[in-house]
Amino acid sequence: MTNERASSSPRQARAAGDAELDRATLARCKSQDPLAFRLFVGRYERTVFAVLGRISGRRDVEDLAQETFLRAYAAFPQFDLDHASRPSTWIVTIAARLALNERSRQGRSTPLEDAAEPVHGVTPETERARAELGDAIASAAASLPPDQRAAFVLAELHDLSTAEIASALGVPENTAKTRLHRAREKLRQLLAAWIAPNDEEEG
Amino acid sequence: MDPGPLRDDLNLEAWEPPAPPQGFAERVMVRVEATRRASRRARIVRRSAAVMIPLAAAAAALLAWPKPVSHGDVSAEERRTFALGSRATVVAEAGSHLGWHGDEVTQDRGDVFYRVEPGARFRVHTPAGDVEVRGTCFRVKVGVEPMNQRDMKSGAVGAALSAMAFVGVYEGKVAVSRGAESVEVGAGEAARADAQGVRRESDVDGAKRAFDTRTAPEDDPMLRANANLAASVKEYKKRLESIEAERRRLEERLELANAQLGATDAGPPSPNKAYDLSNEDWNELAKEGTVKFRMPCSNEKGWVPSTAQRDNLGLAPDDVEVLRDAYARSYARVWADIRPICAEVLSPEVADKLGPTNCPNAIVSILTSSDWARLSKTMRDVAEMRAGTQPLPAQPPADPVTRVFLRWTAEMGLLEQDLAAQLGPEQAHRIVYSDSICAWNSTWPGSGAK
């Protein structure tokens with residue numbers, strides 16, 4: 001089994017320095033202390049926007065993000081400080097479910113928005129290349145069925161294990177594993193042109 | 001074959017997600033607060049329902065309680081027990097006849113036992129005289145037959161050859177009258193009313209004593225009936241008292257719930273009050289490292305309230321100008337302090353574009369976005385300065401974030417001072433924490449105790 005957390009990607013290195021909210025604040029959140037919850041929102045708002053934006057394929061996800069935090073606030077009394085998953089995984093799970101529900105409500109035929117920001121003005125080549133890669137990934141991810149895209153986003157960009165993805169999506173672990181496998185397989189095909197040069201560089 | 005994580009071969013971070021727009025967290029907190037208020041209101045309504053439902057049940061029970069018929073007429077062919085008027089229960093022996101309207105009873109024949117709850121006057125009219133009571137147990141026998149031996153032993157009834165009434169009293173006191181004559185008859189006594197007038201029966205006591213020593217109560221059907229009646233009346237009273245007590249209790253609870261509902265309808269205390277902070281309040285906030293403040297809206301030309309807002313603020317039309325100018329001075333004060341910092345951290349052009357409301361947020365965001373420890377320490381320091389446990393710097397601090405927080409936490413007080421000079425301190429204080437002015441509240445929760 002692939003260890004999802006063993007990777008040392010730049011994203012994970014950054015995430016490692018971005019610690020989870022401390023237990024004392026979480027305990028205050030659990031008692032629905034609004035001041036503590038304000039801190040919780042500040043700590044996880046970027047994560048929530050990222051999950052919602054990447055899974056739903058939309059840029060304007062504020063309504064969904066607000067709903068995510070309102071649900072978290074309502075559910076906090078049930079949050080188990082000792083045994084529950086990390087708070088980031090917990091909020092990511094809530095956001096992912098909302099994004100999938102929203103996508104399902106809108107219908108699968110709704111085209112995904114271009115997930116990349118338009119590049120204005122002159123940018124350095126590296127920035128341009130990054131923006132183009134971002135466009136390519138967004139476009140490839142948009143071609144995935146929502147469940148596969150969600151599994152991919154949760155695993156590759158938010159560090160969830162297969163078991164956590166299964167729990168977030170409400171499916172058996174094997175199903176989550178299959179979805180992730182298919183998503184990776186398809187994205188590898190679609191993004192082969194971007195992967196090959198890196199391999200060569202590494203070689 | 002597992003294709004393996006794609007992030008090992010590709011910089012997936014290039015897929016930029018949308019970023020939270022400015023003020024997102026505050027907007028979430030507004031909705032959270034609305035949820036909390038709705039939840040509080042729902043709890044009060046649920047509590048009220050918890051009061052109302054049993055009260056309605058009790059009321060229904062009271063309404064369903066069998067009420068005595070207020071008027072009627074009964075000729076008993078056999079012994080009958082029934083409620084009579086508003087507060088009496090009777091046992092009418094076979095052959096008796098009585099009619100009633102409210103608490104006025106006419107008994108023209110037969111033998112009837114009465115239990116009357118205390119209250120207003122209750123009268124039994126017979127052909128031989130009247131019996132008037134206020135609450136007692138008694139028996140009236142109307143007829144022409146002579147009293148038999150058993151009746152004599154019971155000491156309860158009388159007899160006559162012509163129209164007569166024999167009254168025996170078990171509890172309380174009754175007045176037996178005929179024309180202008182009247183005698184009072186107490187418990188254990190008897191009286192007779194007939195053509196000769198009204199008088200106590202002198203031999204009844206002896207007869208009663210004989211009854212007490214020789215006749216077991218269970219042998220006397222009238223006494224048995226009395227015992228049954230006493231029990232049923234006692235039970236009846238007990239239930240009524242119990243329902244009455246429950247009603248009073250529920251009414252008290254309803255009153256309390258109504259008071260709570262009234263308080264809710266009047267609206268919870270203005271959230272702005274939470275931003276009217278004393279040194280003690282700041283001391284508590286400093287323990288958590290939390291900073292709270294209320295800021296006036298920024299407008300170079302000041303702010304002018306609508307007519308409704310002006311009325312809510314209790315201002316005269318001339319005072320509008322005072323308010324407008326104070327807001328304009330507030331804008332100038334804030335911008336004079338914030339713009340240089342913003343220009344240094346960003347650029348003069350960006351500073352002018354962002355303005356005095358957005359610049360401070362941008363400064364804090366840029367300088368502390370990845371440094372929670374720094375932000376937490378700054379907030380705690382500022383809270384301690386406001387609490388007076390740490391000295392305020394004599395000069396504007398070099399740290400832009402500290403300077404921003406100091407400006408945020410000072411400005412409403414400065415606006416209040418400005419207004420107080422022209423409107424008086426009380427009115428100024430009321431105005432700056434009113435819902436009717438243009439201002440915004442902000443809370444920056446700290447990281448908890450040190």
# chains A, B, ... in the order shown; residues from 1 in each chain; ligands from 1
$ select_by_dssp --residues "range 6-191 of chain A" --states "helix (DSSP H, G or I)" --output "VMD selection string"
chain A and resid 10 to 17 23 to 30 34 to 56 62 to 78 87 to 106 125 to 142 146 to 157 162 to 169 173 to 190
$ select_by_dssp --residues "range 71-182 of chain B" --states "strand (DSSP E)" --output "ChimeraX atom specification"
/B:71-75,80-84,88-92,97-101,104-116,122-125,130-133,136-143,164-171,173-178,181-182
$ closest_atom_pairs --of "chain B" --to "chain A" --cutoff "6 Å" --atoms "only C-alpha atoms" --output "tab-separated table"
residue	atom	partner	partner_atom	distance
B:Pro3	CA	A:Glu185	CA	5.9
B:Ala14	CA	A:Gly134	CA	4.4
B:Trp15	CA	A:Gly134	CA	3.9
B:Pro17	CA	A:Ala50	CA	4.8
B:Pro18	CA	A:Arg59	CA	5.5
B:Ala25	CA	A:Val41	CA	5.9
B:Val28	CA	A:Gln66	CA	5.6
B:Pro445	CA	A:Leu35	CA	5.0
$ atom_distance --atom1 "CA of Pro391 in chain B" --atom2 "CA of Arg339 in chain B"
24.9 Å
$ atom_distance --atom1 "CA of Arg200 in chain B" --atom2 "CA of Arg115 in chain B"
20.9 Å
